[in-house]
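For reference, the structure discussed in these notes is given below.
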Amino acid sequence: MNHTIRARTLLHLRRLRKRRQAVRFRRALLAGGTVIALFAGLTVPAFAAGSVGALPAVTGMSTSNLDQDTLIFDRNGALLADVGYRGDHRIVVPLEYISPNLVRATIDIEDHTFYQNSGIDLGSIARAAIADYTHHHLAQGGSTITQQLVKQVYIGPNPAPTLQRKMKEAILAVQLNSHYSKAQVLSMYLNTIYYGSQSYGVEAAARSYFHTNAHDLTLAQAAMLAGLPQAPTGNSPLFNPDQAKRRQAEVLNAMVAQRDITRAQAEQALSQQIQVYPPANVVQAPHFVDYVLQYMQKTLHITPSDHKGYRVTTTLDLNLQHLAEQTIHDQIARYGAYYNFHDAALVSLDPKTGGVLAMVGGNDYYRFGGAYNMTTHASRQPGSSFKIFTYTAAIESERLNMTSPILDQPLIFPTGGGSDGLKPWAPQNYDRRNHGTLPLKMAMGNSLNIPAVKVELTVGIPAVLDAARRMGVTSLNQADPTYGKSLTLGGYAVPPIDMATGAATLATLGVRHRPAPVLKVDNGLGQPLYNYDVKKNEFRAVSPQTSFIIDSIMSDDRNRCMEFGCGGDLTLPGRHVAAKTGTTQDFRDNWTVGFTPSLATAVWVGNTDYVPLSHNSTGIVGAAPIWHRFMMQALASTPDQWYQVPDGVDQVGGNYYLPGTESLPGNLAQPWPVCHFRAYNPYTLTDAAQTVNGLPCVLGYTPRDLTRG
């Protein structure tokens with residue numbers, strides 16, 4: 001009985017196997033017949049068309065429509081960043097740019113009848129159909145370059161190996177072949193196909209694997225890349241180097257078989273050791289790249305995230321950028337521990353154009369919080385470096401000149417101190433001393449706080465704000481009454497890039513250029529979308545005469561010898577240069593700002609957590625050495641430059657004056673007006689009571705609040 005059941009079961013299984021083989025054979029014949037009909041130019045049989053369903057239109061395909069990366073370059077063409085989409089990369093290049101080695105290798109290994117077939121290869125399909133029957137499944141072989149392009153664009157990666165999909169692929173391939181030239185199909189294929197390592201297209205693959213480009217691929221490199229599309233992971237030289245080498249040999253043998261290379265060339269290429277790199281999205285000048293991307297979106301209204309393949313040429317000089325980065329790193333490594341500073345920022349501008357030549361937003365972009373760009377955010381006070389705006393306002397007011405005498409005396413204002421401003425405020429010079437009567441140029445050069453407050457209040461806080469805003473400060477955008485007497489001491493946050501812009505305005509004798517990080521933008525086809533026009537970015541902020549006088553004060557080292565010593569880091573040996581330091585309350589921020597006619601640079605040193613610096617660290621010991629070294633090396637090949645005395649400036653000895661201001665009253669040499677009230681209560685004081693002769697008055701005595709402790 002059991003023998004009978006077993007015999008019947010075996011008979012049933014043999015009959016079932018024969019029926020399945022017959023079905024597979026009919027499917028293979030159907031596929032082959034359909035393809036033959038297509039190849040012969042016949043109408044697709046109704047049963048075939050019905051089985052594949054609706055087909056997409058193949059018109060409108062172009063490499064210009066492909067999503068691709070935005071490439072950001074420095075002013076000399078060095079790549080700063082390749083901005084892809086979620087780690088994927090594609091850079092479209094024309095067919096004629098691609099190395100012939102790669103073109104021949106691809107055709108020989110993937111589709112040696114490419115230039116003769118109609119988008120499908122009948123011989124390959126016949127062999128695939130037999131394989132389908134022999135191996136009892138639908139094989140993946142037999143695809144031409146055109147079919148692979150169809151699969152990539154219309155069907156998607158890793159499709160199910162169904163008869164319906166194969167028929168759909170074949171039909172679309174024939175249609176594609178009839179609508180586009182072979183060169184167009186090959187160009188789209190080489191810019192579309194996936195090569196692994198998140199690289200789509202041969203240019204991205206060449207850059208990723210070999211750190212080269214599609215134009216310069218060697219025969220060995222080309223054969224390696226050409227072997228990847230069939231199995232990007234399985235043939236990867238990163239993950240399966242032995243299999244990658246075997247696949248490379250297959251490609252080279254195919255090229256020999258097609259007589260594109262000789263056997264000797266193949267053996268030589270196969271013997272070469274190829275350096276292969278893991279995928280890495282290396283960004284140079286990362287703070288600057290972030291700044292450029294934001295600038296493009298907000299100012300140029302060009303959005304890199306739409307993946308249109310923009311080619312962005314920036315103003316950055318990568319050599320100066322590397323110099324700035326190294327200088328900051330060295331200064332922190334050498335003195336950071338002693339003075340307790342662990343971060344720094346530098347921004348350098350071309351005064352004549354506003355071009356950003358170097359931008360270091362912090363010492364380490366990749367540490368926690370390091371991506372915060374200290375050069376562009378108004379998060380820190382500029383200290384005494386802000387006085388360049390105070391003294392500019394003073395000179396242009398014609399109420400003071402560079403030799404106006406100023407009494408450096410103790411001042412105690414009834415209000416202005418404390419967080420609520422209702423306590424007495426007594427500004428002090430950073431050396432905690434008073435220095436008697438000095439000329440304005442020495443008060444500015446030695447960065448004395450009390451004379452600066454006197455000058456500010458003489459010309460008026462609104463006048464100082466107006467000068468700062470005209471010269472490039474964008475962060476002081478509240479109403480004028482918002483700002484108090486500490487404005488001139490840098491009591492309100494200003495980003496380094498605004499301080500550099502102010503310095504650059506003085507460097508051009510009063511013509512302001514807003515920071516402009518982009519020279520031009522082209523689309524993926526090389527068509528221009530934007531070109532920087534410096535004429536549209538010029539604004540006469542300060543007169544040439546006033547600027548020249550301020551430049552003269554800031555460039556005369558004798559004006560600062562009393563406090564900073566002569567011949568220090570605020571000078572550049574053999575070169576005219578203007579400079580100003582800045583130090584904020586409790587030594588939390590450390591600045592140096594300075595310029596020549598061709599370069600304006602601002603440096604900040606401090607700690608991102610606001611921890612004060614140690615050992616009374618002023619700008620002369622923290623920021624100035626960075627500024628000095630950067631300026632010295634950046635200007636090494638530039639001859640010394642300075643300004644001719646402009647018309648409208650009167651010279652008396654070594655001093656310069658606006659016409660009619662040579663003999664002004666020496667009002668600031670007199671003691672400051674004292675308030676008339678006797679009872680002091682800051683909560684009931686009126687503005688009128690705190691004003692004498694149109695100026696904020698001071699107390700004639702020291703309140704207990706200032707003597708405690």
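Letters A, B, ... go to the chains of the structure tokens in the order shown; residues in each chain start at 1; ligands are counted from 1 in the same order.
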
Legend entry - Near-stretch 447-457 of chain A list (7 Å; only C-alpha atoms; drop same-chain fewer than 6 positions) as JSON, numbers by chain: {"A": [384, 390, 394, 406, 407, 408, 427, 428, 429, 464, 485, 488, 489, 695]}

Could you save those same residues with N, CA and C atoms as a PDB file, in the first residue's frame?
```pdb
ATOM      1  N   SER A 384      36.810  98.150  23.962  1.00  0.00           N
ATOM      2  CA  SER A 384      37.305  99.444  23.484  1.00  0.00           C
ATOM      3  C   SER A 384      37.537  99.501  21.982  1.00  0.00           C
ATOM      4  N   THR A 390      33.306 106.007  17.997  1.00  0.00           N
ATOM      5  CA  THR A 390      33.161 107.197  18.839  1.00  0.00           C
ATOM      6  C   THR A 390      34.039 108.330  18.331  1.00  0.00           C
ATOM      7  N   ALA A 394      33.329 111.989  16.611  1.00  0.00           N
ATOM      8  CA  ALA A 394      33.869 113.206  17.225  1.00  0.00           C
ATOM      9  C   ALA A 394      34.559 114.092  16.192  1.00  0.00           C
ATOM     10  N   ILE A 406      41.971 116.565  26.675  1.00  0.00           N
ATOM     11  CA  ILE A 406      40.918 115.907  27.443  1.00  0.00           C
ATOM     12  C   ILE A 406      41.478 115.588  28.823  1.00  0.00           C
ATOM     13  N   LEU A 407      40.747 116.002  29.839  1.00  0.00           N
ATOM     14  CA  LEU A 407      41.154 115.718  31.211  1.00  0.00           C
ATOM     15  C   LEU A 407      40.675 114.323  31.594  1.00  0.00           C
ATOM     16  N   ASP A 408      41.629 113.472  31.911  1.00  0.00           N
ATOM     17  CA  ASP A 408      41.312 112.108  32.363  1.00  0.00           C
ATOM     18  C   ASP A 408      41.143 112.155  33.875  1.00  0.00           C
ATOM     19  N   PRO A 427      32.966 104.868  35.395  1.00  0.00           N
ATOM     20  CA  PRO A 427      33.862 104.220  34.430  1.00  0.00           C
ATOM     21  C   PRO A 427      35.307 104.363  34.870  1.00  0.00           C
ATOM     22  N   GLN A 428      36.089 103.336  34.583  1.00  0.00           N
ATOM     23  CA  GLN A 428      37.497 103.354  34.956  1.00  0.00           C
ATOM     24  C   GLN A 428      38.354 102.931  33.780  1.00  0.00           C
ATOM     25  N   ASN A 429      39.537 103.470  33.725  1.00  0.00           N
ATOM     26  CA  ASN A 429      40.503 102.991  32.753  1.00  0.00           C
ATOM     27  C   ASN A 429      40.958 101.596  33.167  1.00  0.00           C
ATOM     28  N   VAL A 464      27.183 108.819  17.797  1.00  0.00           N
ATOM     29  CA  VAL A 464      28.057 107.645  17.781  1.00  0.00           C
ATOM     30  C   VAL A 464      27.350 106.458  17.145  1.00  0.00           C
ATOM     31  N   LYS A 485      25.448 105.101  28.370  1.00  0.00           N
ATOM     32  CA  LYS A 485      26.788 105.693  28.302  1.00  0.00           C
ATOM     33  C   LYS A 485      27.891 104.667  28.071  1.00  0.00           C
ATOM     34  N   THR A 488      30.241 103.521  24.181  1.00  0.00           N
ATOM     35  CA  THR A 488      31.590 103.763  23.669  1.00  0.00           C
ATOM     36  C   THR A 488      32.615 102.772  24.208  1.00  0.00           C
ATOM     37  N   LEU A 489      32.296 102.153  25.343  1.00  0.00           N
ATOM     38  CA  LEU A 489      33.201 101.157  25.922  1.00  0.00           C
ATOM     39  C   LEU A 489      32.918  99.765  25.386  1.00  0.00           C
ATOM     40  N   LEU A 695      24.906 118.488  29.377  1.00  0.00           N
ATOM     41  CA  LEU A 695      25.678 117.252  29.500  1.00  0.00           C
ATOM     42  C   LEU A 695      25.231 116.473  30.735  1.00  0.00           C
TER      43      LEU A 695
END
```

So that I can check the secondary structure, give me every residue of stretch 217-418 of chain A assigned helix (DSSP H, G or I) by backbone DSSP, as a compact mmCIF listing (two decimals) with N, CA and C atoms, in the first residue's frame.
```txt
# COMPACT_ATOMS: atom_id res chain seq x y z
N LEU A 219 43.56 54.11 -16.58
CA LEU A 219 42.93 52.88 -17.08
C LEU A 219 42.60 51.95 -15.90
N ALA A 220 43.50 51.82 -14.95
CA ALA A 220 43.24 50.95 -13.80
C ALA A 220 42.05 51.45 -12.99
N GLN A 221 41.99 52.75 -12.75
CA GLN A 221 40.86 53.32 -12.00
C GLN A 221 39.56 53.17 -12.78
N ALA A 222 39.61 53.43 -14.08
CA ALA A 222 38.41 53.34 -14.91
C ALA A 222 37.86 51.91 -14.91
N ALA A 223 38.73 50.92 -15.03
CA ALA A 223 38.29 49.53 -15.03
C ALA A 223 37.66 49.15 -13.69
N MET A 224 38.21 49.71 -12.61
CA MET A 224 37.64 49.44 -11.29
C MET A 224 36.24 50.03 -11.18
N LEU A 225 36.07 51.27 -11.63
CA LEU A 225 34.76 51.92 -11.55
C LEU A 225 33.75 51.26 -12.49
N ALA A 226 34.18 50.92 -13.68
CA ALA A 226 33.26 50.32 -14.65
C ALA A 226 32.70 49.00 -14.16
N PRO A 241 37.68 43.95 -1.49
CA PRO A 241 38.80 44.27 -2.37
C PRO A 241 39.22 43.13 -3.28
N ASP A 242 39.14 41.88 -2.82
CA ASP A 242 39.54 40.76 -3.67
C ASP A 242 38.57 40.61 -4.84
N GLN A 243 37.27 40.68 -4.55
CA GLN A 243 36.28 40.59 -5.61
C GLN A 243 36.39 41.79 -6.55
N ALA A 244 36.69 42.96 -6.00
CA ALA A 244 36.86 44.15 -6.83
C ALA A 244 38.01 43.95 -7.81
N LYS A 245 39.06 43.31 -7.35
CA LYS A 245 40.21 43.06 -8.22
C LYS A 245 39.85 42.06 -9.32
N ARG A 246 39.06 41.03 -8.96
CA ARG A 246 38.62 40.06 -9.97
C ARG A 246 37.72 40.74 -11.00
N ARG A 247 36.84 41.60 -10.51
CA ARG A 247 35.94 42.30 -11.44
C ARG A 247 36.73 43.27 -12.33
N GLN A 248 37.73 43.90 -11.79
CA GLN A 248 38.59 44.77 -12.59
C GLN A 248 39.24 43.98 -13.72
N ALA A 249 39.69 42.77 -13.40
CA ALA A 249 40.30 41.92 -14.43
C ALA A 249 39.28 41.57 -15.51
N GLU A 250 38.03 41.29 -15.11
CA GLU A 250 36.98 41.01 -16.10
C GLU A 250 36.79 42.19 -17.04
N VAL A 251 36.78 43.38 -16.49
CA VAL A 251 36.60 44.58 -17.32
C VAL A 251 37.78 44.73 -18.28
N LEU A 252 38.98 44.57 -17.79
CA LEU A 252 40.15 44.71 -18.65
C LEU A 252 40.16 43.63 -19.74
N ASN A 253 39.78 42.41 -19.42
CA ASN A 253 39.70 41.35 -20.43
C ASN A 253 38.66 41.69 -21.49
N ALA A 254 37.53 42.26 -21.05
CA ALA A 254 36.50 42.66 -22.02
C ALA A 254 37.03 43.74 -22.95
N MET A 255 37.84 44.64 -22.42
CA MET A 255 38.42 45.70 -23.25
C MET A 255 39.42 45.13 -24.25
N VAL A 256 40.18 44.11 -23.81
CA VAL A 256 41.10 43.44 -24.73
C VAL A 256 40.31 42.73 -25.82
N ALA A 257 39.23 42.05 -25.43
CA ALA A 257 38.41 41.31 -26.40
C ALA A 257 37.83 42.24 -27.46
N ARG A 263 46.76 43.44 -24.58
CA ARG A 263 46.93 42.58 -23.43
C ARG A 263 48.00 43.16 -22.49
N ALA A 264 49.03 43.75 -23.05
CA ALA A 264 50.08 44.34 -22.22
C ALA A 264 49.54 45.50 -21.39
N GLN A 265 48.68 46.33 -22.00
CA GLN A 265 48.08 47.44 -21.26
C GLN A 265 47.19 46.92 -20.12
N ALA A 266 46.46 45.85 -20.41
CA ALA A 266 45.58 45.27 -19.39
C ALA A 266 46.40 44.74 -18.22
N GLU A 267 47.49 44.04 -18.52
CA GLU A 267 48.31 43.46 -17.45
C GLU A 267 48.98 44.56 -16.62
N GLN A 268 49.40 45.61 -17.30
CA GLN A 268 50.02 46.72 -16.57
C GLN A 268 49.01 47.39 -15.64
N ALA A 269 47.79 47.63 -16.14
CA ALA A 269 46.75 48.25 -15.31
C ALA A 269 46.39 47.35 -14.14
N LEU A 270 46.31 46.05 -14.38
CA LEU A 270 45.93 45.12 -13.32
C LEU A 270 46.99 45.04 -12.23
N SER A 271 48.22 45.27 -12.61
CA SER A 271 49.31 45.17 -11.63
C SER A 271 49.46 46.41 -10.76
N PRO A 286 34.68 75.38 7.31
CA PRO A 286 33.28 75.03 7.52
C PRO A 286 32.41 76.18 8.00
N HIS A 287 32.92 77.05 8.88
CA HIS A 287 32.11 78.20 9.30
C HIS A 287 31.78 79.09 8.11
N PHE A 288 32.75 79.28 7.25
CA PHE A 288 32.53 80.11 6.06
C PHE A 288 31.54 79.46 5.11
N VAL A 289 31.64 78.14 4.93
CA VAL A 289 30.70 77.44 4.06
C VAL A 289 29.27 77.61 4.57
N ASP A 290 29.08 77.47 5.87
CA ASP A 290 27.75 77.70 6.45
C ASP A 290 27.28 79.12 6.16
N TYR A 291 28.18 80.06 6.30
CA TYR A 291 27.87 81.48 6.05
C TYR A 291 27.46 81.69 4.60
N VAL A 292 28.17 81.05 3.68
CA VAL A 292 27.84 81.17 2.26
C VAL A 292 26.46 80.59 1.95
N LEU A 293 26.16 79.43 2.50
CA LEU A 293 24.86 78.81 2.26
C LEU A 293 23.73 79.69 2.77
N GLN A 294 23.92 80.29 3.94
CA GLN A 294 22.91 81.20 4.47
C GLN A 294 22.81 82.46 3.62
N TYR A 295 23.94 82.97 3.18
CA TYR A 295 23.97 84.18 2.35
C TYR A 295 23.25 83.94 1.02
N MET A 296 23.48 82.78 0.42
CA MET A 296 22.83 82.48 -0.85
C MET A 296 21.32 82.46 -0.70
N GLN A 297 20.85 81.86 0.38
CA GLN A 297 19.41 81.74 0.56
C GLN A 297 18.77 83.08 0.93
N LYS A 298 19.38 83.82 1.86
CA LYS A 298 18.75 85.03 2.36
C LYS A 298 18.96 86.24 1.46
N PRO A 304 20.47 76.20 -2.21
CA PRO A 304 21.24 75.00 -2.56
C PRO A 304 20.50 73.70 -2.30
N SER A 305 19.55 73.71 -1.38
CA SER A 305 18.84 72.48 -1.03
C SER A 305 17.91 71.99 -2.14
N ASP A 306 17.75 72.79 -3.22
CA ASP A 306 16.92 72.29 -4.32
C ASP A 306 17.71 71.42 -5.30
N LEU A 318 41.83 80.43 0.17
CA LEU A 318 42.07 79.27 1.02
C LEU A 318 43.44 79.31 1.69
N ASN A 319 44.42 79.93 1.05
CA ASN A 319 45.73 80.06 1.68
C ASN A 319 45.65 80.94 2.93
N LEU A 320 44.93 82.06 2.82
CA LEU A 320 44.75 82.92 3.98
C LEU A 320 43.90 82.24 5.05
N GLN A 321 42.93 81.44 4.62
CA GLN A 321 42.10 80.71 5.55
C GLN A 321 42.93 79.73 6.38
N HIS A 322 43.78 78.98 5.70
CA HIS A 322 44.65 78.04 6.42
C HIS A 322 45.59 78.78 7.37
N LEU A 323 46.09 79.93 6.94
CA LEU A 323 46.95 80.74 7.80
C LEU A 323 46.19 81.18 9.05
N ALA A 324 44.97 81.64 8.87
CA ALA A 324 44.16 82.09 10.01
C ALA A 324 43.89 80.94 10.97
N GLU A 325 43.51 79.80 10.43
CA GLU A 325 43.22 78.64 11.28
C GLU A 325 44.44 78.21 12.08
N GLN A 326 45.58 78.15 11.42
CA GLN A 326 46.80 77.71 12.10
C GLN A 326 47.25 78.72 13.14
N THR A 327 47.12 79.99 12.83
CA THR A 327 47.53 81.03 13.77
C THR A 327 46.70 80.98 15.04
N ILE A 328 45.39 80.81 14.89
CA ILE A 328 44.51 80.70 16.05
C ILE A 328 44.85 79.45 16.87
N HIS A 329 45.01 78.35 16.18
CA HIS A 329 45.33 77.09 16.87
C HIS A 329 46.64 77.22 17.66
N ASP A 330 47.65 77.81 17.06
CA ASP A 330 48.95 77.92 17.72
C ASP A 330 48.88 78.85 18.94
N GLN A 331 48.15 79.95 18.82
CA GLN A 331 48.06 80.89 19.93
C GLN A 331 47.35 80.26 21.13
N ILE A 332 46.28 79.52 20.87
CA ILE A 332 45.56 78.87 21.96
C ILE A 332 46.41 77.77 22.58
N ALA A 333 47.10 77.00 21.74
CA ALA A 333 47.95 75.93 22.25
C ALA A 333 49.09 76.47 23.10
N ARG A 334 49.60 77.62 22.74
CA ARG A 334 50.77 78.16 23.44
C ARG A 334 50.41 78.95 24.70
N TYR A 335 49.37 79.77 24.62
CA TYR A 335 49.07 80.68 25.73
C TYR A 335 47.69 80.47 26.34
N GLY A 336 46.87 79.63 25.75
CA GLY A 336 45.51 79.47 26.23
C GLY A 336 45.41 79.01 27.67
N ALA A 337 46.25 78.10 28.06
CA ALA A 337 46.18 77.58 29.43
C ALA A 337 46.56 78.66 30.44
N TYR A 338 47.60 79.42 30.15
CA TYR A 338 48.05 80.45 31.10
C TYR A 338 47.02 81.57 31.24
N TYR A 339 46.55 82.07 30.10
CA TYR A 339 45.60 83.17 30.14
C TYR A 339 44.14 82.70 30.23
N GLY A 383 34.21 95.72 23.51
CA GLY A 383 35.14 96.47 24.34
C GLY A 383 35.59 97.75 23.67
N SER A 384 36.81 98.15 23.96
CA SER A 384 37.31 99.44 23.48
C SER A 384 37.54 99.50 21.98
N SER A 385 37.49 98.36 21.31
CA SER A 385 37.62 98.42 19.85
C SER A 385 36.48 99.23 19.24
N PHE A 386 35.36 99.34 19.97
CA PHE A 386 34.22 100.12 19.47
C PHE A 386 34.54 101.61 19.40
N LYS A 387 35.59 102.04 20.09
CA LYS A 387 35.91 103.48 20.13
C LYS A 387 36.27 104.04 18.76
N ILE A 388 36.55 103.19 17.79
CA ILE A 388 36.81 103.72 16.45
C ILE A 388 35.59 104.48 15.94
N PHE A 389 34.41 104.07 16.35
CA PHE A 389 33.19 104.77 15.91
C PHE A 389 32.98 106.05 16.71
N THR A 390 33.31 106.01 18.00
CA THR A 390 33.16 107.20 18.84
C THR A 390 34.04 108.33 18.33
N TYR A 391 35.30 108.03 18.06
CA TYR A 391 36.22 109.08 17.63
C TYR A 391 35.97 109.52 16.19
N THR A 392 35.44 108.63 15.38
CA THR A 392 35.03 109.05 14.03
C THR A 392 33.91 110.07 14.14
N ALA A 393 32.91 109.79 14.98
CA ALA A 393 31.81 110.74 15.18
C ALA A 393 32.32 112.06 15.73
N ALA A 394 33.33 111.99 16.61
CA ALA A 394 33.87 113.21 17.22
C ALA A 394 34.56 114.09 16.19
N ILE A 395 35.40 113.50 15.34
CA ILE A 395 36.11 114.30 14.34
C ILE A 395 35.14 114.89 13.33
N GLU A 396 34.18 114.09 12.85
CA GLU A 396 33.27 114.61 11.83
C GLU A 396 32.28 115.63 12.39
N SER A 397 32.12 115.66 13.73
CA SER A 397 31.24 116.67 14.33
C SER A 397 31.86 118.06 14.29
```

Inset, instruction - Give the strand (DSSP E or B) residues of stretch 142-384 of chain A, as assigned by DSSP on the backbone, as a PyMOL selection string. - result: chain A and resi 194+199-200+308+311-314+343-349+355-360

Inset, instruction - Could you tell me which of A:Ala170, A:Val312, A:Val674, A:Leu422 comes closest to A:Cys697 if we count only C-alpha atoms? - result: A:Val674

Legend entry - Selected residue of minimal separation from A:Pro646 among A:Ser64, A:Ser99, A:Ser547, A:Asn281, counting only C-alpha atoms: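 Using only C-alpha atoms, A:Pro646 sits closest to A:Ser547.
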
Need to verify the contact set: A:Thr375, 7 Å, only C-alpha atoms, exclusion of same-chain residues closer than 5 positions in sequence. Can you return it as a short mmCIF file (atom, residue, chain, number, x, y, z; two decimals) with N, CA and C atoms, in the first residue's frame?
```
data_model
loop_
_atom_site.label_atom_id
_atom_site.label_comp_id
_atom_site.auth_asym_id
_atom_site.auth_seq_id
_atom_site.Cartn_x
_atom_site.Cartn_y
_atom_site.Cartn_z
N ALA A 345 38.26 83.72 17.23
CA ALA A 345 37.63 83.87 15.92
C ALA A 345 38.35 84.97 15.16
N LEU A 346 38.36 84.84 13.85
CA LEU A 346 39.02 85.82 12.99
C LEU A 346 38.22 85.97 11.71
N VAL A 347 38.05 87.21 11.27
CA VAL A 347 37.46 87.47 9.95
C VAL A 347 38.27 88.56 9.29
N GLY A 361 35.31 80.86 12.52
CA GLY A 361 34.27 81.15 13.49
C GLY A 361 34.53 80.58 14.86
N PRO A 495 29.11 91.75 16.37
CA PRO A 495 29.89 90.62 15.86
C PRO A 495 31.21 91.08 15.24
N PRO A 496 32.23 90.24 15.28
CA PRO A 496 33.52 90.60 14.67
C PRO A 496 33.42 91.02 13.21
N ILE A 497 32.48 90.43 12.46
CA ILE A 497 32.41 90.79 11.04
C ILE A 497 31.97 92.24 10.87
#
```

Legend entry - Distance of atom CA of A:Lys352 from atom CA of A:Ala285, expressed in Å to one decimal place: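 Atom CA of A:Ala285 sits 22.5 Å away from atom CA of A:Lys352.
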
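Considering the residues A:Gly524, A:Gly490, A:Gly648, A:Pro439 and counting only C-alpha atoms, A:Gln585 has its shortest atom-to-atom contact with A:Gly490.
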
Legend entry - Of the listed residues A:Met167, A:Ala688, A:Ala231, A:Ala516, that which approaches A:Lys536 most closely, counting only C-alpha atoms: A:Ala516

Legend entry - 7 Å contact set for A:Ser555, only C-alpha atoms, chain neighbours under 6 positions out, as a PyMOL selection string: chain A and resi 576-579

I need the chosen residues saved as a compact mmCIF listing (two decimals), in the first residue's frame, with N, CA and C atoms.
```txt
# COMPACT_ATOMS: atom_id res chain seq x y z
N HIS A 576 52.94 100.63 7.14
CA HIS A 576 51.92 101.43 7.78
C HIS A 576 50.71 100.55 8.08
N VAL A 577 50.18 100.65 9.29
CA VAL A 577 49.01 99.86 9.65
C VAL A 577 48.29 100.57 10.79
N ALA A 578 46.96 100.49 10.78
CA ALA A 578 46.14 101.06 11.85
C ALA A 578 45.57 99.93 12.68
N ALA A 579 45.51 100.11 14.02
CA ALA A 579 45.03 99.03 14.87
C ALA A 579 44.41 99.59 16.14
```

Legend entry - Residues near A:Arg512, cut-off 10 Å, only C-alpha atoms, skip fewer than 3 positions along chain, as a ChimeraX atom specification: /A:351-354,470-472,501-509,515,537-542
